[in-house]
Structure formats: C-alpha cells, structure tokens
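Next comes final15.pdb, a file with PDB, C-alpha atoms.
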ATOM      1  CA  MET R   1     -12.245   3.025  24.648
ATOM      2  CA  ARG R   2      -8.915   4.048  26.052
ATOM      3  CA  GLY R   3      -6.190   1.454  26.537
ATOM      4  CA  ASN R   4      -8.060  -1.613  25.297
ATOM      5  CA  LYS R   5      -5.365  -2.873  22.906
ATOM      6  CA  LEU R   6      -7.675  -2.344  19.942
ATOM      7  CA  ASN R   7      -5.737  -3.000  16.751
ATOM      8  CA  GLY R   8      -6.107  -2.673  13.016
ATOM      9  CA  LYS R   9      -7.507   0.343  11.212
ATOM     10  CA  LEU R  10     -10.234   2.666  12.412
ATOM     11  CA  PRO R  11     -13.406   0.761  11.548
ATOM     12  CA  ALA R  12     -15.422   2.320   8.738
ATOM     13  CA  SER R  13     -18.559   1.661  10.796
ATOM     14  CA  LEU R  14     -17.610   4.740  12.855
ATOM     15  CA  MET R  15     -18.784   6.769   9.841
ATOM     16  CA  ASN R  16     -22.342   5.991  10.888
ATOM     17  CA  LEU R  17     -21.901   7.842  14.190
ATOM     18  CA  THR R  18     -22.616  11.223  12.638
ATOM     19  CA  GLN R  19     -23.634  12.824  15.953
ATOM     20  CA  LEU R  20     -20.565  11.599  17.869
ATOM     21  CA  GLU R  21     -19.006  14.429  19.874
ATOM     22  CA  ILE R  22     -16.046  12.678  21.540
ATOM     23  CA  LEU R  23     -13.825  10.011  20.004
ATOM     24  CA  GLU R  24     -11.332   8.789  22.617
ATOM     25  CA  LEU R  25      -9.102   5.949  21.443
ATOM     26  CA  THR R  26      -5.890   6.742  23.333
ATOM     27  CA  GLY R  27      -3.386   4.013  24.112
ATOM     28  CA  ASN R  28      -4.491   1.315  21.724
ATOM     29  CA  GLU R  29      -2.665  -0.332  18.834
ATOM     30  CA  LEU R  30      -4.630   1.199  15.985
ATOM     31  CA  ALA R  31      -2.568   1.492  12.816
ATOM     32  CA  GLY R  32      -2.635   2.648   9.226
ATOM     33  CA  SER R  33      -3.455   6.161   8.156
ATOM     34  CA  ILE R  34      -6.095   8.358   9.754
ATOM     35  CA  PRO R  35      -8.967   8.116   7.268
ATOM     36  CA  SER R  36     -10.225  11.312   5.651
ATOM     37  CA  TRP R  37     -13.828  10.345   6.479
ATOM     38  CA  VAL R  38     -13.144  11.225  10.131
ATOM     39  CA  GLY R  39     -13.307  14.868   9.044
ATOM     40  CA  THR R  40     -16.176  14.563   6.608
ATOM     41  CA  GLN R  41     -18.537  12.001   8.134
ATOM     42  CA  ILE R  42     -18.215  12.641  11.884
ATOM     43  CA  SER R  43     -18.445  16.413  11.630
ATOM     44  CA  SER R  44     -19.935  16.884  15.110
ATOM     45  CA  LEU R  45     -16.674  15.920  16.850
ATOM     46  CA  GLY R  46     -15.573  18.352  19.536
ATOM     47  CA  SER R  47     -12.789  16.110  20.837
ATOM     48  CA  LEU R  48     -10.610  13.717  18.841
ATOM     49  CA  ASN R  49      -7.987  11.844  20.832
ATOM     50  CA  LEU R  50      -5.960   9.243  18.953
ATOM     51  CA  ARG R  51      -2.803   9.617  21.065
ATOM     52  CA  SER R  52      -0.411   6.687  21.580
ATOM     53  CA  ASN R  53      -1.394   4.426  18.716
ATOM     54  CA  LYS R  54       0.494   3.363  15.588
ATOM     55  CA  PHE R  55      -0.980   5.726  13.014
ATOM     56  CA  VAL R  56       1.288   6.599  10.084
ATOM     57  CA  GLY R  57       1.237   9.027   7.187
ATOM     58  CA  LYS R  58      -0.014  12.580   7.003
ATOM     59  CA  ILE R  59      -2.681  14.298   9.044
ATOM     60  CA  PRO R  60      -5.629  14.422   6.632
ATOM     61  CA  HIS R  61      -6.636  17.919   5.537
ATOM     62  CA  GLU R  62     -10.267  16.825   5.901
ATOM     63  CA  LEU R  63      -9.896  17.180   9.675
ATOM     64  CA  CYS R  64     -10.193  20.913   8.924
ATOM     65  CA  TYR R  65     -13.917  20.322   8.380
ATOM     66  CA  LEU R  66     -14.341  19.559  12.075
ATOM     67  CA  THR R  67     -15.441  23.092  12.917
ATOM     68  CA  ARG R  68     -16.611  22.117  16.427
ATOM     69  CA  LEU R  69     -13.259  20.548  17.276
ATOM     70  CA  ARG R  70     -11.707  21.999  20.434
ATOM     71  CA  ILE R  71      -9.442  19.132  21.498
ATOM     72  CA  LEU R  72      -7.144  17.305  19.090
ATOM     73  CA  ASP R  73      -4.421  14.956  20.307
ATOM     74  CA  LEU R  74      -2.531  12.911  17.744
ATOM     75  CA  SER R  75       0.723  12.727  19.709
ATOM     76  CA  ASN R  76       2.867   9.622  20.054
ATOM     77  CA  ASN R  77       2.051   8.177  16.645
ATOM     78  CA  LYS R  78       4.228   7.959  13.545
ATOM     79  CA  LEU R  79       2.600  10.792  11.649
ATOM     80  CA  MET R  80       4.687  12.931   9.314
ATOM     81  CA  GLY R  81       4.363  15.977   7.137
ATOM     82  CA  ASP R  82       2.902  19.371   7.828
ATOM     83  CA  ILE R  83       0.050  20.124  10.176
ATOM     84  CA  PRO R  84      -2.853  21.482   8.091
ATOM     85  CA  LYS R  85      -2.859  25.286   8.277
ATOM     86  CA  CYS R  86      -6.506  25.416   9.328
ATOM     87  CA  PHE R  87      -5.462  24.355  12.826
ATOM     88  CA  ASP R  88      -3.578  27.617  13.306
ATOM     89  CA  GLN R  89      -6.968  29.299  13.613
ATOM     90  CA  GLN R  90      -9.248  26.534  14.934
ATOM     91  CA  LEU R  91      -7.469  25.199  17.999
TER      92      LEU R  91
END

Kindly present the structure from the file in structure tokens form.
Amino acid sequence: MRGNKLNGKLPASLMNLTQLEILELTGNELAGSIPSWVGTQISSLGSLNLRSNKFVGKIPHELCYLTRLRILDLSNNKLMGDIPKCFDQQL
C-alpha cells in the first residue's frame, strides 16, 4: 500500500492480521505515534516499512518482540528519542 496518500493513524483493525509477514506503508501520510500493538499483535512480521510518513514520538519498545523482523525502515518520519537497544542484536 505504498504511496496511496493514506492518512490518519494506523488502523487498529491491523491487529487482526496476526499472520502478516510484510507491512509496507511507505510514502503515505500516516501520522500519530507508532502503536505498541504493532510489536505485540502482529508478531509474525519479517518486514516493517513505515518510511516517509508523518509518525511522531518514540519508537515503541514493543517492536523488540518482533523476533522474525529482518527489515525495519522508519526513516523520514518525525520520530525522536533512542532506538530500543534490542535492535543492536536483532537487525
């Protein structure tokens, strides 16, 4: 769903996609914080690409629970704070 000008927050209905392996939402206008449920409810993610949106706030520590994650791109957002230490070893 790259580059479709999707806006607003990540829809909570994505929580139901528990077997989702790739979430590709690059180049939209999604905003707000990255919800912690991304790391706890969609634990099968191997690729999470939220690049070039309007996300703000901190990277949620719960993303550390994505043990299958091999690709993470959160660049070109307005995130701040430290990168969770778990990513030193995972990615």

(request) Name all residues at most 9 Å from R:Leu6 (count only C-alpha atoms; drop same-chain ones fewer than 5 positions away) and give them as a PyMOL selection string. (result) chain R and resi 1+25+27-30

(request) Name the residues captured by the PyMOL selection byres ((chain R and resi 26) around 12) when it is applied to the shown file; answer as a ChimeraX atom specification. (result) /R:1-7,22-25,27-30,47-55,72-77

(request) Could you please give me, as a ChimeraX atom specification, the residues of protein, DNA or RNA lying at most 6 Å from (-9.8, 24.0, 10.3) in the coordinate frame of the file, considering only C-alpha atoms? (result) /R:64-65,86-87,90

(message) Between atom CA of R:Gln19 and atom CA of R:Pro84, what distance in Å does the model show, to one decimal?
(response) 23.8 Å

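Going from atom CA of R:Glu62 to atom CA of R:Leu14 covers 15.8 Å.
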
(message) Just want the 6 Å neighbourhood of R:Leu45, counted on only C-alpha atoms, with same-chain residues fewer than 5 positions away dropped. Output as a list in words.
(response) Leu20, Glu21, Ile22 and Leu69 of chain R

(request) Could you tell me which residues the PyMOL selection byres ((chain R and resi 38) around 9) returns for this structure, as an MDAnalysis selection string? (result) chainID R and resid 14:15 34:37 39:43 45 60 62:63 66

Would you put the residues from that selection into a file with C-alpha atoms, as a PDB file, in the coordinates of the input?
ATOM      1  CA  LEU R  14     -17.610   4.740  12.855  1.00  0.00           C
ATOM      2  CA  MET R  15     -18.784   6.769   9.841  1.00  0.00           C
ATOM      3  CA  ILE R  34      -6.095   8.358   9.754  1.00  0.00           C
ATOM      4  CA  PRO R  35      -8.967   8.116   7.268  1.00  0.00           C
ATOM      5  CA  SER R  36     -10.225  11.312   5.651  1.00  0.00           C
ATOM      6  CA  TRP R  37     -13.828  10.345   6.479  1.00  0.00           C
ATOM      7  CA  GLY R  39     -13.307  14.868   9.044  1.00  0.00           C
ATOM      8  CA  THR R  40     -16.176  14.563   6.608  1.00  0.00           C
ATOM      9  CA  GLN R  41     -18.537  12.001   8.134  1.00  0.00           C
ATOM     10  CA  ILE R  42     -18.215  12.641  11.884  1.00  0.00           C
ATOM     11  CA  SER R  43     -18.445  16.413  11.630  1.00  0.00           C
ATOM     12  CA  LEU R  45     -16.674  15.920  16.850  1.00  0.00           C
ATOM     13  CA  PRO R  60      -5.629  14.422   6.632  1.00  0.00           C
ATOM     14  CA  GLU R  62     -10.267  16.825   5.901  1.00  0.00           C
ATOM     15  CA  LEU R  63      -9.896  17.180   9.675  1.00  0.00           C
ATOM     16  CA  LEU R  66     -14.341  19.559  12.075  1.00  0.00           C
TER      17      LEU R  66
END

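A straight-line distance of 23.9 Å separates atom CA of R:Lys9 from atom CA of R:Arg70.
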
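Across R:Lys58, R:Asn16, R:Lys78, R:Arg68, the tightest approach to R:Ala31 is made by R:Lys78 when counting all atoms listed in the file.
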
Starting from 8 Å padding per side, set up an axis-aligned box that covers all listed atoms of stretch 59-65 of chain R and hand over centre and edge lengths in Å, one decimal, as AutoDock Vina command-line options.
--center_x -8.3 --center_y 17.6 --center_z 7.6 --size_x 27.2 --size_y 22.6 --size_z 20.1

(message) With distances taken over only C-alpha atoms, which residue among R:Ser44, R:Gly8, R:Ser13, R:Ser33 lies nearest R:Met80?
(response)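 Looking at the shortest contact to R:Met80, the residue is R:Ser33.
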
(message) Calculated over all atoms listed in the file, which of the candidates R:Ala12, R:Gly46, R:Gly32, R:Asp88 has the smallest distance to R:Thr67?
(response) R:Gly46
